[in-house]
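Worksheet: one structure, shown below.
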Amino acid sequence: MSFELILPFLRPIEPLLLDDSISEIMGNPDASWWYERDGIVRREESISFDAGKLRTGLEVVANKLGKRLDEDNPVLHAQLPDGSRLAAVIPPVVRPSPAVTIRKFTSRKFTAEDLIARGALTRSLADLLEEQIRSGKTLLISGGTGTGKTTLLNILANAIPEHERVVVIEDTSELRIQKPNLLAVECQTDTFKSAVTFDDLLKSALRWRPDRIILGEVRGAEARTLLDSLNTGHGGSLATIHANSAEKALRRFANLVMRSHAQATISDVEAEIAEAVNLVVHVERQPGCRRISEVLEIEAYDRRLQRFETTPLYRADCSPKSAHNLTPESSRKDAHNATA
């Protein structure tokens with residue numbers, strides 16, 4: 001991981017920046033510093049960073065990245081050359097000192113075997129998900145911030161057949177999918193030129209002859225366009241969405257569609273989603289691990305009861321003591337009920 005651009009201006013946190021086992025660094029307005037390693041957040045007591053020098057350092061970093069950080073522009077979102085993301089905010093939005101969060105990007109290419117070794121999933125579950133993708137099923141990966149949705153998406157995308165054309169759309173480039181026929185594009189919303197949004201790129205992607213569309217995150221107006229594309233010949237796609245459970249991911253998808261298509265009824269939208277999405281894979285973070293906690297197969301939509309009819313294919317034991325203790329949920333023989 002390379003931080004040559006920012007190291008000279010953020011020397012007090014150099015040990016955290018250079019520690020590859022640390023995934024996130026957080027500096028708070030009270031001058032305390034925290035970091036995340038293996039899903040656990042800890043305080044780093046040894047760091048002392050003068051508020052004035054931190055602000056100056058952040059302003060210089062912003063300038064070097066072609067952005068501004070000052071009283072007229074007190075919030076900064078930037079991507080570092082190595083792919084890491086930096087978010088900073090300065091007074092008067094926060095007091096008394098600046099706050100900064102750095103989500104570090106790792107160039108390591110994780111595999112399904114890596115996640116199995118960490119207890120994030122089992123071999124039989126990995127086989128099930130990979131087979132669903134190969135056969136053209138559409139998957140929605142849900143979870144909270146920092147739960148590993150992007151890592152899982154990277155791994156599962158490997159199962160897409162080599163002969164298919166893949167279009168990847170992201171807000172900030174994080175996915176490292178390697179396929180022979182791939183077009184990866186990135187939104188341009190923080191620019192002095194005309195903005196290029198998720199929805200703009202998704203609409204364009206439909207003209208780029210994709211077999212599969214991979215959307216970094218469903219979060220806005222693009223939800224309607226994505227749903228239309230899934231129901232008009234672009235199944236087998238993958239996307240992530242923020243939600244607290246697999247069931248809530250479906251509801252959130254519907255709510256996002258409704259925001260830009262208010263004339264539709266929620267029942268109509270949810271029925272469309274039931275036709276378009278085959279599986280929801282939910283990931284969660286617990287102390288010391290990130291793991292797949294449940295997989296739902298969407299069977300249909302009951303308009304009378306206004307609810308999705310689903311089959312739980314997999315659910316992890318909720319006990320935080322062991323990420324390997326898995327509980328089978330489906331009685332169907334082909335559901336690949338997994339026990340570790």
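In the structure tokens, the first chain shown is A, the next is B, and so on; residue numbers restart at 1 for each chain, and ligands run from 1 in the order shown.
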Residues of range 146-216 of chain A within 10 Å of range 74-89 of chain A: nearest atom pair and distance (Å, one decimal) for each, counting only C-alpha atoms, sorted by chain and number, as CSV?
```
residue,atom,partner,partner_atom,distance
A:Thr172,CA,A:Gln79,CA,7.5
A:Ser173,CA,A:Gly83,CA,7.1
A:Glu174,CA,A:Gly83,CA,6.7
A:Leu175,CA,A:Gly83,CA,9.9
A:Asp190,CA,A:His77,CA,8.6
```
With the cut-off set at 10 Å and counting only C-alpha atoms, tabulate each residue of range 119-213 of chain A with an atom at most that distance from an atom of range 32-45 of chain A, showing the nearest atom pair and its distance in Å to one decimal, ordered by chain and increasing number, as a Markdown table.
```
| residue | atom | partner | partner_atom | distance |
| --- | --- | --- | --- | --- |
| A:Gly146 | CA | A:Gly39 | CA | 8.3 |
| A:Thr147 | CA | A:Gly39 | CA | 8.2 |
| A:Gly148 | CA | A:Gly39 | CA | 9.9 |
```
File of the preceding selection, C-alpha atoms, as an mmCIF file, in the first residue's frame:
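What landed in result14.cif:
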```cif
data_model
loop_
_atom_site.group_PDB
_atom_site.id
_atom_site.type_symbol
_atom_site.label_atom_id
_atom_site.label_comp_id
_atom_site.auth_asym_id
_atom_site.auth_seq_id
_atom_site.Cartn_x
_atom_site.Cartn_y
_atom_site.Cartn_z
ATOM 1 C CA GLY A 146 -17.515 -1.947 6.433
ATOM 2 C CA THR A 147 -19.052 -5.416 6.468
ATOM 3 C CA GLY A 148 -17.152 -6.644 3.407
#
```
Identify, on the basis of only C-alpha atoms, every residue whose closest approach to Leu121 in chain A does not exceed 8 Å; exclude the query and any residue fewer than 5 positions from it along the same chain; express the result as a list of chain:residue names.
->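 What passes the distance filter is A:Leu115, A:Ile116, A:Ala126, A:Arg291, A:Ile292, A:His324.
For the residues A:Gln263, A:Ser293, A:Thr106, A:Ser48, ranking by smallest atom-to-atom distance to Gly143 in chain A using only C-alpha atoms places A:Ser293 first.
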Compile the contact shell of Gly144 in chain A as JSON, numbers by chain: residues with an atom at most 9 Å away, counting only C-alpha atoms, same-chain residues fewer than 5 positions apart removed.
-> {"A": [149, 241, 242, 243, 244, 283, 284, 285]}
Every residue of range 133-164 of chain A that DSSP places in helix (DSSP H, G or I), as a list in words |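 The helix (DSSP H, G or I) residues within range 133-164 of chain A come out as Ile133, Arg134, Lys149, Thr150, Thr151, Leu152, Leu153, Asn154, Ile155, Leu156, Ala157, Asn158 and Ala159 of chain A.
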Would you output that residue set with N, CA and C atoms, as a PDB file, in the first residue's frame?
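That gives us result-v9.pdb:
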```
ATOM      1  N   ILE A 133     -24.433 -17.813  -9.776  1.00  0.00           N
ATOM      2  CA  ILE A 133     -23.929 -16.761 -10.663  1.00  0.00           C
ATOM      3  C   ILE A 133     -23.646 -17.320 -12.052  1.00  0.00           C
ATOM      4  N   ARG A 134     -23.015 -18.470 -12.112  1.00  0.00           N
ATOM      5  CA  ARG A 134     -22.729 -19.080 -13.417  1.00  0.00           C
ATOM      6  C   ARG A 134     -24.009 -19.328 -14.208  1.00  0.00           C
ATOM      7  N   LYS A 149     -18.946  -6.055   1.851  1.00  0.00           N
ATOM      8  CA  LYS A 149     -19.786  -6.261   0.663  1.00  0.00           C
ATOM      9  C   LYS A 149     -18.949  -6.220  -0.613  1.00  0.00           C
ATOM     10  N   THR A 150     -18.049  -5.242  -0.690  1.00  0.00           N
ATOM     11  CA  THR A 150     -17.228  -5.095  -1.892  1.00  0.00           C
ATOM     12  C   THR A 150     -16.286  -6.276  -2.068  1.00  0.00           C
ATOM     13  N   THR A 151     -15.681  -6.722  -0.979  1.00  0.00           N
ATOM     14  CA  THR A 151     -14.782  -7.883  -1.042  1.00  0.00           C
ATOM     15  C   THR A 151     -15.530  -9.107  -1.544  1.00  0.00           C
ATOM     16  N   LEU A 152     -16.726  -9.341  -1.006  1.00  0.00           N
ATOM     17  CA  LEU A 152     -17.525 -10.494  -1.432  1.00  0.00           C
ATOM     18  C   LEU A 152     -17.926 -10.365  -2.893  1.00  0.00           C
ATOM     19  N   LEU A 153     -18.309  -9.164  -3.313  1.00  0.00           N
ATOM     20  CA  LEU A 153     -18.693  -8.954  -4.706  1.00  0.00           C
ATOM     21  C   LEU A 153     -17.517  -9.257  -5.635  1.00  0.00           C
ATOM     22  N   ASN A 154     -16.335  -8.800  -5.259  1.00  0.00           N
ATOM     23  CA  ASN A 154     -15.137  -9.095  -6.045  1.00  0.00           C
ATOM     24  C   ASN A 154     -14.948 -10.591  -6.241  1.00  0.00           C
ATOM     25  N   ILE A 155     -15.122 -11.340  -5.161  1.00  0.00           N
ATOM     26  CA  ILE A 155     -14.891 -12.785  -5.194  1.00  0.00           C
ATOM     27  C   ILE A 155     -15.966 -13.498  -6.017  1.00  0.00           C
ATOM     28  N   LEU A 156     -17.227 -13.162  -5.779  1.00  0.00           N
ATOM     29  CA  LEU A 156     -18.313 -13.843  -6.476  1.00  0.00           C
ATOM     30  C   LEU A 156     -18.302 -13.548  -7.974  1.00  0.00           C
ATOM     31  N   ALA A 157     -17.829 -12.361  -8.352  1.00  0.00           N
ATOM     32  CA  ALA A 157     -17.794 -12.014  -9.770  1.00  0.00           C
ATOM     33  C   ALA A 157     -16.862 -12.917 -10.560  1.00  0.00           C
ATOM     34  N   ASN A 158     -15.933 -13.575  -9.869  1.00  0.00           N
ATOM     35  CA  ASN A 158     -15.037 -14.504 -10.559  1.00  0.00           C
ATOM     36  C   ASN A 158     -15.792 -15.655 -11.208  1.00  0.00           C
ATOM     37  N   ALA A 159     -17.003 -15.939 -10.716  1.00  0.00           N
ATOM     38  CA  ALA A 159     -17.786 -17.057 -11.248  1.00  0.00           C
ATOM     39  C   ALA A 159     -18.489 -16.723 -12.554  1.00  0.00           C
TER      40      ALA A 159
END
```
Given the choices A:Leu215, A:Val94, A:Leu182, A:Ala271, which gets closest to Glu162 in chain A if the distance is worked out from only C-alpha atoms?
->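 Result for the nearest residue to Glu162 in chain A: A:Leu182.
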Considering only C-alpha atoms, return as number ranges by chain whatever protein or nucleic-acid residues lie within 6 Å of Val277 in chain A, sequence-local ones (same chain, fewer than 3 positions apart) excluded.
-> A: 138, 273-274
Pick from A:Ala300, A:Leu18, A:Leu139, A:Ile102 nearest to Ala246 in chain A, counting only C-alpha atoms |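 Closest residue, counting only C-alpha atoms: A:Leu139.
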Can you work out the spacing between CA of Arg290 in chain A and CA of Gln132 in chain A in Å, to one decimal?
->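 About the pair CA of Arg290 in chain A and CA of Gln132 in chain A: they are 22.0 Å apart.
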Contacts of Pro15 in chain A within 12 Å, only C-alpha atoms, excl. fewer than 6 positions in-chain, as a count of residues only | 9
Lys248 in chain A surroundings by only C-alpha atoms, 12 Å radius, close-in-sequence under 4 positions cut, as a ChimeraX atom specification = /A:140-144,241-244,252-255,270,280-282,296,307-308
Running DSSP on the backbone, which parts of range 68-266 of chain A land in strand (DSSP E), as a ChimeraX atom specification?
-> /A:75-79,85-89,99-103,139-143,166-170,182-186,212-215,238-242
Could you save those same residues with C-alpha atoms as a PDB file, in the first residue's frame?
```pdb
ATOM      1  CA  VAL A  75     -16.070  18.865   3.920  1.00  0.00           C
ATOM      2  CA  LEU A  76     -13.663  16.774   1.861  1.00  0.00           C
ATOM      3  CA  HIS A  77     -14.219  13.427   0.143  1.00  0.00           C
ATOM      4  CA  ALA A  78     -11.266  12.207  -1.867  1.00  0.00           C
ATOM      5  CA  GLN A  79      -9.726   9.079  -3.300  1.00  0.00           C
ATOM      6  CA  ARG A  85     -10.654   6.918   0.596  1.00  0.00           C
ATOM      7  CA  LEU A  86     -10.167   9.997   2.732  1.00  0.00           C
ATOM      8  CA  ALA A  87     -13.032  11.908   4.332  1.00  0.00           C
ATOM      9  CA  ALA A  88     -12.291  15.029   6.367  1.00  0.00           C
ATOM     10  CA  VAL A  89     -14.287  17.810   7.961  1.00  0.00           C
ATOM     11  CA  ALA A  99     -11.980  15.072  11.974  1.00  0.00           C
ATOM     12  CA  VAL A 100     -10.640  12.612   9.427  1.00  0.00           C
ATOM     13  CA  THR A 101     -11.437   9.057   8.362  1.00  0.00           C
ATOM     14  CA  ILE A 102      -9.262   7.014   6.018  1.00  0.00           C
ATOM     15  CA  ARG A 103     -10.588   3.751   4.619  1.00  0.00           C
ATOM     16  CA  LEU A 139     -27.695 -11.406  -6.637  1.00  0.00           C
ATOM     17  CA  LEU A 140     -28.093  -8.485  -4.258  1.00  0.00           C
ATOM     18  CA  ILE A 141     -25.398  -8.273  -1.566  1.00  0.00           C
ATOM     19  CA  SER A 142     -26.589  -6.388   1.502  1.00  0.00           C
ATOM     20  CA  GLY A 143     -24.952  -5.253   4.707  1.00  0.00           C
ATOM     21  CA  VAL A 166     -19.248  -7.334 -17.991  1.00  0.00           C
ATOM     22  CA  VAL A 167     -19.965  -3.649 -17.313  1.00  0.00           C
ATOM     23  CA  VAL A 168     -18.950  -2.368 -13.869  1.00  0.00           C
ATOM     24  CA  ILE A 169     -20.333   0.922 -12.526  1.00  0.00           C
ATOM     25  CA  GLU A 170     -19.004   2.484  -9.308  1.00  0.00           C
ATOM     26  CA  LEU A 182     -14.867  -5.884 -19.184  1.00  0.00           C
ATOM     27  CA  LEU A 183     -15.781  -2.200 -19.189  1.00  0.00           C
ATOM     28  CA  ALA A 184     -15.396  -0.424 -15.832  1.00  0.00           C
ATOM     29  CA  VAL A 185     -16.675   3.137 -15.411  1.00  0.00           C
ATOM     30  CA  GLU A 186     -16.723   5.585 -12.502  1.00  0.00           C
ATOM     31  CA  ARG A 212     -23.840  -8.663 -16.855  1.00  0.00           C
ATOM     32  CA  ILE A 213     -24.056  -5.347 -15.035  1.00  0.00           C
ATOM     33  CA  ILE A 214     -22.235  -4.950 -11.737  1.00  0.00           C
ATOM     34  CA  LEU A 215     -23.314  -1.939  -9.699  1.00  0.00           C
ATOM     35  CA  LEU A 238     -24.685  -8.169  -9.151  1.00  0.00           C
ATOM     36  CA  ALA A 239     -25.099  -5.162  -6.883  1.00  0.00           C
ATOM     37  CA  THR A 240     -24.617  -4.130  -3.264  1.00  0.00           C
ATOM     38  CA  ILE A 241     -27.029  -2.242  -1.035  1.00  0.00           C
ATOM     39  CA  HIS A 242     -26.934  -0.935   2.542  1.00  0.00           C
TER      40      HIS A 242
END
```
Could you check how far CA of Phe198 in chain A sits from CA of Glu297 in chain A, in Å to one decimal?
->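 CA of Phe198 in chain A sits 26.8 Å away from CA of Glu297 in chain A.
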Between A:Gly216, A:Asn231, A:Val93, A:Gly27, single out the one closest to Arg176 in chain A, counting only C-alpha atoms.
-> A:Gly216
